[in-house]
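J.: See model_23.csv below, with CSV, C-alpha atoms.
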```
chain,number,residue,atom,x,y,z
P,1,MET,CA,0.0,0.0,0.0
P,2,LYS,CA,1.3,3.5,-0.9
P,3,HIS,CA,2.1,6.1,1.7
P,4,GLU,CA,-0.8,8.3,0.4
P,5,ASP,CA,-3.2,5.4,0.8
P,6,ILE,CA,-2.0,4.6,4.3
P,7,SER,CA,-2.3,8.3,5.2
P,8,PHE,CA,-5.8,8.5,3.8
P,9,GLN,CA,-6.9,5.4,5.7
P,10,THR,CA,-5.4,6.9,9.0
P,11,LYS,CA,-7.3,10.1,8.4
P,12,LYS,CA,-10.5,8.3,7.6
P,13,SER,CA,-10.2,6.2,10.8
P,14,LEU,CA,-9.8,9.4,12.9
P,15,SER,CA,-12.7,10.9,11.1
P,16,GLU,CA,-15.0,8.0,11.8
P,17,ALA,CA,-13.9,8.1,15.5
P,18,LEU,CA,-14.7,11.8,15.6
P,19,LYS,CA,-18.2,11.2,14.1
P,20,LYS,CA,-18.9,8.4,16.7
P,21,ALA,CA,-17.8,10.7,19.5
P,22,MET,CA,-19.9,13.6,18.2
P,23,LYS,CA,-23.0,11.3,18.5
P,24,LYS,CA,-22.4,11.1,22.2
P,25,LYS,CA,-21.0,14.5,23.4
P,26,PRO,CA,-20.4,18.1,22.4
P,27,PHE,CA,-17.5,18.8,20.0
P,28,GLN,CA,-15.5,20.8,22.5
P,29,LYS,CA,-15.5,18.0,24.9
P,30,ILE,CA,-13.9,15.5,22.5
P,31,SER,CA,-10.1,15.0,23.1
P,32,VAL,CA,-7.3,13.8,20.9
P,33,SER,CA,-6.6,11.1,23.4
P,34,GLU,CA,-10.1,9.8,23.1
P,35,LEU,CA,-9.8,9.7,19.3
P,36,VAL,CA,-6.4,8.0,19.1
P,37,ALA,CA,-7.5,5.4,21.7
P,38,ALA,CA,-10.6,4.6,19.6
P,39,CYS,CA,-8.3,4.1,16.6
P,40,GLN,CA,-5.6,2.3,18.5
P,41,MET,CA,-2.9,4.8,17.4
P,42,ASN,CA,-0.7,7.3,19.3
P,43,ARG,CA,-1.0,11.0,19.6
P,44,LYS,CA,2.0,11.6,17.3
P,45,THR,CA,0.1,9.9,14.5
P,46,PHE,CA,-2.8,12.3,15.0
P,47,TYR,CA,-0.6,15.4,15.0
P,48,TYR,CA,1.3,14.1,12.0
P,49,HIS,CA,-2.0,14.3,10.0
P,50,PHE,CA,-3.9,17.1,11.7
P,51,GLU,CA,-3.0,20.3,13.6
P,52,ASP,CA,-6.0,19.9,15.9
P,53,ILE,CA,-9.5,18.5,16.2
P,54,TYR,CA,-10.9,21.4,14.2
P,55,ALA,CA,-8.6,20.5,11.3
P,56,LEU,CA,-10.0,16.9,11.5
P,57,LEU,CA,-13.6,18.2,11.5
P,58,LYS,CA,-12.8,20.4,8.4
P,59,TRP,CA,-11.2,17.4,6.7
P,60,THR,CA,-14.2,15.3,7.4
P,61,PHE,CA,-16.5,17.9,5.9
P,62,GLU,CA,-14.3,18.3,2.8
P,63,GLN,CA,-14.0,14.6,2.2
P,64,GLU,CA,-17.6,13.8,2.6
P,65,ALA,CA,-19.3,16.7,0.9
P,66,ILE,CA,-17.3,19.6,-0.5
P,67,GLU,CA,-14.8,17.6,-2.6
P,68,VAL,CA,-17.6,15.8,-4.4
P,69,VAL,CA,-19.4,19.1,-5.1
P,70,LYS,CA,-16.3,20.5,-6.7
P,71,HIS,CA,-16.6,17.9,-9.5
P,72,TYR,CA,-20.0,19.2,-10.7
P,73,ASN,CA,-20.3,21.5,-13.7
P,74,LEU,CA,-21.9,24.2,-11.6
P,75,MET,CA,-23.4,26.2,-14.5
P,76,VAL,CA,-25.2,23.0,-15.6
P,77,ASP,CA,-25.5,21.0,-12.4
P,78,TYR,CA,-25.7,23.7,-9.7
P,79,GLU,CA,-29.1,22.5,-8.6
P,80,GLU,CA,-27.7,19.0,-8.2
P,81,ALA,CA,-24.7,20.3,-6.2
P,82,ILE,CA,-27.0,22.1,-3.8
P,83,THR,CA,-29.2,19.0,-3.5
P,84,PHE,CA,-26.2,16.9,-2.8
P,85,ILE,CA,-25.1,19.3,0.0
P,86,MET,CA,-28.6,19.2,1.5
P,87,ASP,CA,-28.7,15.4,1.3
P,88,TYR,CA,-25.3,15.3,3.1
P,89,ILE,CA,-26.6,17.7,5.8
P,90,GLU,CA,-29.7,15.5,6.4
P,91,ALA,CA,-27.7,12.3,6.5
P,92,ASN,CA,-25.2,13.8,9.0
P,93,GLU,CA,-27.5,16.0,11.0
P,94,TYR,CA,-25.9,15.0,14.3
P,95,ILE,CA,-22.4,16.1,13.2
P,96,ILE,CA,-23.6,19.4,11.8
P,97,ASN,CA,-25.7,20.2,14.8
P,98,CYS,CA,-22.9,19.1,17.2
P,99,ALA,CA,-20.5,21.3,15.4
P,100,TYR,CA,-23.0,24.2,15.3
P,101,GLY,CA,-23.8,23.9,19.0
P,102,SER,CA,-20.2,23.6,20.0
P,103,ILE,CA,-18.3,26.0,17.8
P,104,GLY,CA,-21.1,28.3,16.8
P,105,ARG,CA,-22.4,29.8,13.5
P,106,ASP,CA,-19.3,31.8,12.7
P,107,GLU,CA,-16.9,28.9,13.2
P,108,LEU,CA,-19.1,26.5,11.2
P,109,LYS,CA,-19.3,29.1,8.5
P,110,ARG,CA,-15.5,29.4,8.5
P,111,PHE,CA,-15.2,25.6,7.8
P,112,PHE,CA,-17.4,25.9,4.8
P,113,TYR,CA,-16.1,29.2,3.6
P,114,ALA,CA,-12.8,28.1,2.2
P,115,ASP,CA,-14.3,25.1,0.4
P,116,PHE,CA,-17.2,27.1,-1.1
P,117,HIS,CA,-14.6,29.6,-2.2
P,118,ASP,CA,-13.3,27.3,-4.9
P,119,ILE,CA,-16.9,26.4,-5.9
P,120,VAL,CA,-17.9,30.1,-6.3
P,121,ILE,CA,-14.7,30.8,-8.3
P,122,SER,CA,-15.5,27.9,-10.6
P,123,PHE,CA,-19.1,29.0,-11.0
P,124,ILE,CA,-18.1,32.6,-11.9
P,125,SER,CA,-15.4,31.4,-14.3
P,126,GLN,CA,-17.8,29.1,-16.1
P,127,ALA,CA,-20.4,31.9,-16.3
P,128,GLU,CA,-17.7,34.2,-17.8
P,129,ASP,CA,-16.7,31.5,-20.4
P,130,MET,CA,-20.4,31.0,-21.3
P,131,ALA,CA,-20.9,34.7,-21.8
P,132,GLY,CA,-17.6,35.3,-23.5
P,133,LYS,CA,-17.1,38.3,-21.2
P,134,TYR,CA,-14.7,38.6,-18.3
P,135,LEU,CA,-14.9,40.7,-15.2
P,136,ASN,CA,-12.1,42.8,-13.9
P,137,ASP,CA,-10.2,41.3,-10.9
P,138,ASP,CA,-11.5,43.7,-8.2
P,139,TYR,CA,-15.2,43.2,-9.1
P,140,LYS,CA,-14.7,39.4,-9.4
P,141,GLU,CA,-13.2,39.4,-5.9
P,142,PHE,CA,-16.2,41.4,-4.7
P,143,LEU,CA,-18.6,38.9,-6.3
P,144,ILE,CA,-16.8,36.0,-4.8
P,145,SER,CA,-17.1,37.4,-1.3
P,146,PHE,CA,-20.8,38.4,-2.0
P,147,TYR,CA,-21.8,34.9,-3.1
P,148,LEU,CA,-19.8,33.2,-0.4
P,149,GLU,CA,-21.6,35.1,2.3
P,150,ALA,CA,-24.9,34.5,0.7
P,151,ILE,CA,-24.5,30.7,0.0
P,152,THR,CA,-22.8,29.8,3.3
P,153,GLY,CA,-25.2,31.9,5.3
P,154,THR,CA,-28.2,30.5,3.6
P,155,MET,CA,-27.0,26.9,4.0
P,156,ILE,CA,-26.3,27.4,7.7
P,157,ASP,CA,-29.8,29.0,8.1
P,158,TRP,CA,-31.3,26.0,6.4
P,159,ILE,CA,-29.4,23.7,8.8
P,160,LYS,CA,-30.9,25.4,11.8
P,161,ASN,CA,-34.4,26.0,10.4
P,162,ARG,CA,-35.1,22.9,8.3
P,163,ASP,CA,-38.4,22.5,9.9
P,164,LYS,CA,-39.5,26.0,8.8
P,165,MET,CA,-37.8,26.0,5.3
P,166,ASP,CA,-39.0,23.8,2.6
P,167,ARG,CA,-36.1,22.0,1.1
P,168,GLN,CA,-37.1,22.2,-2.6
P,169,THR,CA,-38.0,25.8,-2.3
P,170,SER,CA,-34.6,26.6,-0.7
P,171,ILE,CA,-32.9,24.8,-3.6
P,172,ASP,CA,-35.0,26.7,-6.2
P,173,TYR,CA,-34.3,30.0,-4.5
P,174,ILE,CA,-30.6,29.5,-4.3
P,175,TYR,CA,-30.2,28.1,-7.8
P,176,THR,CA,-32.4,30.8,-9.5
P,177,THR,CA,-30.9,33.7,-7.6
P,178,VAL,CA,-27.2,32.8,-8.1
P,179,ARG,CA,-27.6,31.7,-11.7
P,180,LYS,CA,-29.8,34.5,-12.9
P,181,THR,CA,-28.0,37.3,-11.1
P,182,LEU,CA,-24.6,36.1,-12.1
P,183,THR,CA,-25.6,35.8,-15.8
P,184,VAL,CA,-26.9,39.3,-15.9
P,185,LEU,CA,-24.0,40.8,-13.9
P,186,ILE,CA,-21.5,39.3,-16.3
P,187,SER,CA,-23.4,40.3,-19.4
P,188,ASP,CA,-24.2,43.8,-18.4
P,189,SER,CA,-21.4,44.7,-16.0
P,190,PRO,CA,-19.5,48.0,-16.4
P,191,PHE,CA,-16.7,46.2,-14.5
P,192,GLN,CA,-15.4,44.0,-17.4
P,193,LYS,CA,-11.8,43.6,-18.4
P,194,GLN,CA,-10.7,46.0,-21.1
```
What's the structure tokens form of this structure?

T.:
Amino acid sequence: MKHEDISFQTKKSLSEALKKAMKKKPFQKISVSELVAACQMNRKTFYYHFEDIYALLKWTFEQEAIEVVKHYNLMVDYEEAITFIMDYIEANEYIINCAYGSIGRDELKRFFYADFHDIVISFISQAEDMAGKYLNDDYKEFLISFYLEAITGTMIDWIKNRDKMDRQTSIDYIYTTVRKTLTVLISDSPFQKQ
């Protein structure tokens, strides 16, 4: 087995131990010692792979949801990507709620923010290519921040208010708003590259 495969399996084992622990107690009460004992490894192995438990949680989210979403053609499959994220949230409600309850909205948002960043950049780039028009760098950075705040905030609101927010309506609202506004902004923007 290659080093990369062994490393991935080690990370996966730690991730599974974290998920099991999160079913039983708040995130901030989970210790590295507890996780390595569950995996029958030592602390050095944990710290070789992760800086801390927050890094392990972020890796877990990335591996199980965000990495898959990055492979969608977002201009075509954006609705499917949003649906996939919502499916993941529903299937892993205990992890998300544990993380939300323990680290709060802002920290949970921070975990998603970096990963959604690449998705939003991809989405904007694909929209530019489809329109054959390209935004200047300053305006593009503004749009990236704007859509990141909107998408991550909306997804976190949906996590906490699923009983009040219809799933399909949320998907339709996000999909329609991002796709339509971005298409118009790129086509009619006074902030295009010269």

J.: Find the residue from P:Leu182, P:Ala91, P:Ile156, P:Ile174 that sits nearest to Met130 (chain P); use all atoms listed in the file when measuring.

T.: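 Among the listed residues, the smallest separation from Met130 (chain P) belongs to P:Leu182.
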
J.: Work out how far apart CA of Leu35 (chain P) and CA of Ala17 (chain P) are and give it in Å to one decimal.

T.: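 Computing the Euclidean distance for CA of Leu35 (chain P) and CA of Ala17 (chain P) yields 5.8 Å.
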
J.: Set the distance at 7 Å and use all atoms listed in the file: which residues neighbour Ser187 (chain P) once local chain neighbours fewer than 4 positions away are removed? I'd like the list as a PyMOL selection string.

T.: chain P and resi 131+133+183

J.: Restrict the selected residues to C-alpha atoms and save them as a PDB file, in the coordinates of the input.

T.:
```
ATOM      1  CA  ALA P 131     -20.900  34.700 -21.800  1.00  0.00           C
ATOM      2  CA  LYS P 133     -17.100  38.300 -21.200  1.00  0.00           C
ATOM      3  CA  THR P 183     -25.600  35.800 -15.800  1.00  0.00           C
TER       4      THR P 183
END
```

J.: Please indicate the distance in Å from CA of Asn136 (chain P) to CA of Gln192 (chain P), rounded to one decimal place.

T.: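 Separation between CA of Asn136 (chain P) and CA of Gln192 (chain P): 5.0 Å.
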
J.: Hey, can you check how far CA of Tyr139 (chain P) sits from CA of Thr181 (chain P)?

T.: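 So the two atoms, CA of Tyr139 (chain P) and CA of Thr181 (chain P), lie 14.2 Å apart.
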
J.: Please tell me which residues are no farther than 10 Å from (-17.8, 28.9, 2.1) in the file, counting all atoms listed in the file, and write them as a ChimeraX atom specification.

T.: /P:66,108-120,144-145,147-153,155

J.: I need the residues from that last selection saved to file as a PDB file, in the frame of the given file (with C-alpha atoms), if you can.

T.:
```pdb
ATOM      1  CA  ILE P  66     -17.300  19.600  -0.500  1.00  0.00           C
ATOM      2  CA  LEU P 108     -19.100  26.500  11.200  1.00  0.00           C
ATOM      3  CA  LYS P 109     -19.300  29.100   8.500  1.00  0.00           C
ATOM      4  CA  ARG P 110     -15.500  29.400   8.500  1.00  0.00           C
ATOM      5  CA  PHE P 111     -15.200  25.600   7.800  1.00  0.00           C
ATOM      6  CA  PHE P 112     -17.400  25.900   4.800  1.00  0.00           C
ATOM      7  CA  TYR P 113     -16.100  29.200   3.600  1.00  0.00           C
ATOM      8  CA  ALA P 114     -12.800  28.100   2.200  1.00  0.00           C
ATOM      9  CA  ASP P 115     -14.300  25.100   0.400  1.00  0.00           C
ATOM     10  CA  PHE P 116     -17.200  27.100  -1.100  1.00  0.00           C
ATOM     11  CA  HIS P 117     -14.600  29.600  -2.200  1.00  0.00           C
ATOM     12  CA  ASP P 118     -13.300  27.300  -4.900  1.00  0.00           C
ATOM     13  CA  ILE P 119     -16.900  26.400  -5.900  1.00  0.00           C
ATOM     14  CA  VAL P 120     -17.900  30.100  -6.300  1.00  0.00           C
ATOM     15  CA  ILE P 144     -16.800  36.000  -4.800  1.00  0.00           C
ATOM     16  CA  SER P 145     -17.100  37.400  -1.300  1.00  0.00           C
ATOM     17  CA  TYR P 147     -21.800  34.900  -3.100  1.00  0.00           C
ATOM     18  CA  LEU P 148     -19.800  33.200  -0.400  1.00  0.00           C
ATOM     19  CA  GLU P 149     -21.600  35.100   2.300  1.00  0.00           C
ATOM     20  CA  ALA P 150     -24.900  34.500   0.700  1.00  0.00           C
ATOM     21  CA  ILE P 151     -24.500  30.700   0.000  1.00  0.00           C
ATOM     22  CA  THR P 152     -22.800  29.800   3.300  1.00  0.00           C
ATOM     23  CA  GLY P 153     -25.200  31.900   5.300  1.00  0.00           C
ATOM     24  CA  MET P 155     -27.000  26.900   4.000  1.00  0.00           C
TER      25      MET P 155
END
```

J.: I want to know what sits within 7 Å of region 98-107 of chain P, based on all atoms listed in the file, with residues of the same chain fewer than 3 positions away left out; could you give that as a PDB file with C-alpha atoms, in the frame of the given file?

T.:
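As a result, selection-v3.pdb now contains:
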```pdb
ATOM      1  CA  MET P  22     -19.900  13.600  18.200  1.00  0.00           C
ATOM      2  CA  PRO P  26     -20.400  18.100  22.400  1.00  0.00           C
ATOM      3  CA  PHE P  27     -17.500  18.800  20.000  1.00  0.00           C
ATOM      4  CA  GLN P  28     -15.500  20.800  22.500  1.00  0.00           C
ATOM      5  CA  TYR P  94     -25.900  15.000  14.300  1.00  0.00           C
ATOM      6  CA  ILE P  95     -22.400  16.100  13.200  1.00  0.00           C
ATOM      7  CA  ARG P 110     -15.500  29.400   8.500  1.00  0.00           C
ATOM      8  CA  PHE P 111     -15.200  25.600   7.800  1.00  0.00           C
TER       9      PHE P 111
END
```

J.: Can you work out which one of P:Phe191, P:Trp158, P:Gln63, P:Lys164 has the shortest atom-to-atom distance to Phe142 (chain P), counting all atoms listed in the file?

T.: P:Phe191

J.: Can you list, as a PyMOL selection string, every protein, DNA or RNA residue that comes within 12 Å of region 42-49 of chain P when you count all atoms listed in the file, leaving out same-chain residues fewer than 2 positions away?

T.: chain P and resi 4+6-15+17-18+31-40+51-56+59

J.: Quick one: of P:Ile85, P:Lys2, P:Glu79, P:Glu93, who's nearest to Lys23 (chain P), counting all atoms listed in the file?

T.: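 Result for the nearest residue to Lys23 (chain P): P:Glu93.
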
J.: For Asp157 (chain P), which residue among P:Glu141, P:Ile89, P:Ser189, P:Gly132 is the nearest when counting all atoms listed in the file?

T.: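 Ranking P:Glu141, P:Ile89, P:Ser189, P:Gly132 by distance to Asp157 (chain P), first place goes to P:Ile89.
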
J.: Give as a count of residues only the set of residues within 9 Å of the point (-15.3, 34.6, -11.9), where distances use the file's coordinates and only C-alpha atoms.

T.: 17

J.: Rank P:Gln194, P:Glu64, P:Val178, P:Met1 by their smallest atom-to-atom distance to Glu16 (chain P), using all atoms listed in the file, and report the top residue only.

T.: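 Ranking P:Gln194, P:Glu64, P:Val178, P:Met1 by distance to Glu16 (chain P), first place goes to P:Glu64.
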
J.: Could all heavy atoms be built for region 98-109 of chain P and written out as a short mmCIF file (atom, residue, chain, number, x, y, z; two decimals), in the frame of the given file?

T.:
```cif
data_model
loop_
_atom_site.label_atom_id
_atom_site.label_comp_id
_atom_site.auth_asym_id
_atom_site.auth_seq_id
_atom_site.Cartn_x
_atom_site.Cartn_y
_atom_site.Cartn_z
N CYS P 98 -23.95 19.15 16.14
CA CYS P 98 -22.90 19.10 17.20
C CYS P 98 -21.91 20.21 16.95
O CYS P 98 -21.54 20.95 17.85
CB CYS P 98 -22.28 17.74 17.26
SG CYS P 98 -21.05 17.59 18.57
N ALA P 99 -21.45 20.31 15.71
CA ALA P 99 -20.50 21.30 15.40
C ALA P 99 -21.08 22.73 15.58
O ALA P 99 -20.45 23.61 16.17
CB ALA P 99 -20.00 21.17 13.94
N TYR P 100 -22.30 22.92 15.13
CA TYR P 100 -23.00 24.20 15.30
C TYR P 100 -23.14 24.57 16.76
O TYR P 100 -22.85 25.69 17.17
CB TYR P 100 -24.34 24.18 14.59
CG TYR P 100 -25.04 25.52 14.54
CD1 TYR P 100 -24.94 26.33 13.43
CD2 TYR P 100 -25.82 25.96 15.61
CE1 TYR P 100 -25.60 27.56 13.37
CE2 TYR P 100 -26.47 27.18 15.56
CZ TYR P 100 -26.36 27.97 14.44
OH TYR P 100 -27.00 29.18 14.41
N GLY P 101 -23.60 23.62 17.53
CA GLY P 101 -23.80 23.90 19.00
C GLY P 101 -22.55 24.09 19.73
O GLY P 101 -22.54 24.83 20.71
N SER P 102 -21.47 23.47 19.30
CA SER P 102 -20.20 23.60 20.00
C SER P 102 -19.34 24.73 19.61
O SER P 102 -18.73 25.39 20.44
CB SER P 102 -19.42 22.27 19.90
OG SER P 102 -20.14 21.20 20.42
N ILE P 103 -19.26 24.94 18.31
CA ILE P 103 -18.30 26.00 17.80
C ILE P 103 -19.04 27.21 17.32
O ILE P 103 -18.40 28.23 17.06
CB ILE P 103 -17.39 25.41 16.74
CG1 ILE P 103 -18.15 24.93 15.52
CG2 ILE P 103 -16.52 24.30 17.31
CD1 ILE P 103 -17.28 24.43 14.39
N GLY P 104 -20.34 27.16 17.16
CA GLY P 104 -21.10 28.30 16.80
C GLY P 104 -21.19 28.54 15.26
O GLY P 104 -20.49 27.92 14.47
N ARG P 105 -22.08 29.46 14.91
CA ARG P 105 -22.40 29.80 13.50
C ARG P 105 -21.12 30.27 12.77
O ARG P 105 -20.82 29.83 11.67
CB ARG P 105 -23.47 30.81 13.45
CG ARG P 105 -23.83 31.23 12.05
CD ARG P 105 -24.84 32.38 12.06
NE ARG P 105 -25.11 32.83 10.73
CZ ARG P 105 -26.06 32.35 9.95
NH1 ARG P 105 -26.83 31.37 10.37
NH2 ARG P 105 -26.25 32.81 8.75
N ASP P 106 -20.40 31.21 13.39
CA ASP P 106 -19.30 31.80 12.70
C ASP P 106 -18.16 30.78 12.41
O ASP P 106 -17.57 30.78 11.33
CB ASP P 106 -18.70 32.99 13.47
CG ASP P 106 -19.63 34.19 13.45
OD1 ASP P 106 -20.50 34.26 12.55
OD2 ASP P 106 -19.50 35.06 14.33
N GLU P 107 -17.90 29.92 13.37
CA GLU P 107 -16.90 28.90 13.20
C GLU P 107 -17.31 27.86 12.12
O GLU P 107 -16.52 27.44 11.29
CB GLU P 107 -16.50 28.22 14.47
CG GLU P 107 -15.63 29.07 15.36
CD GLU P 107 -14.28 29.39 14.72
OE1 GLU P 107 -13.59 28.47 14.28
OE2 GLU P 107 -13.94 30.58 14.67
N LEU P 108 -18.57 27.45 12.18
CA LEU P 108 -19.10 26.50 11.20
C LEU P 108 -19.00 27.13 9.80
O LEU P 108 -18.61 26.48 8.83
CB LEU P 108 -20.50 26.07 11.52
CG LEU P 108 -21.09 24.98 10.63
CD1 LEU P 108 -20.25 23.71 10.67
CD2 LEU P 108 -22.52 24.68 11.05
N LYS P 109 -19.35 28.40 9.73
CA LYS P 109 -19.30 29.10 8.50
C LYS P 109 -17.83 29.15 7.95
O LYS P 109 -17.58 28.98 6.77
CB LYS P 109 -19.80 30.55 8.68
CG LYS P 109 -20.03 31.33 7.45
CD LYS P 109 -20.74 32.62 7.85
CE LYS P 109 -20.82 33.59 6.74
NZ LYS P 109 -21.45 34.84 7.14
#
```
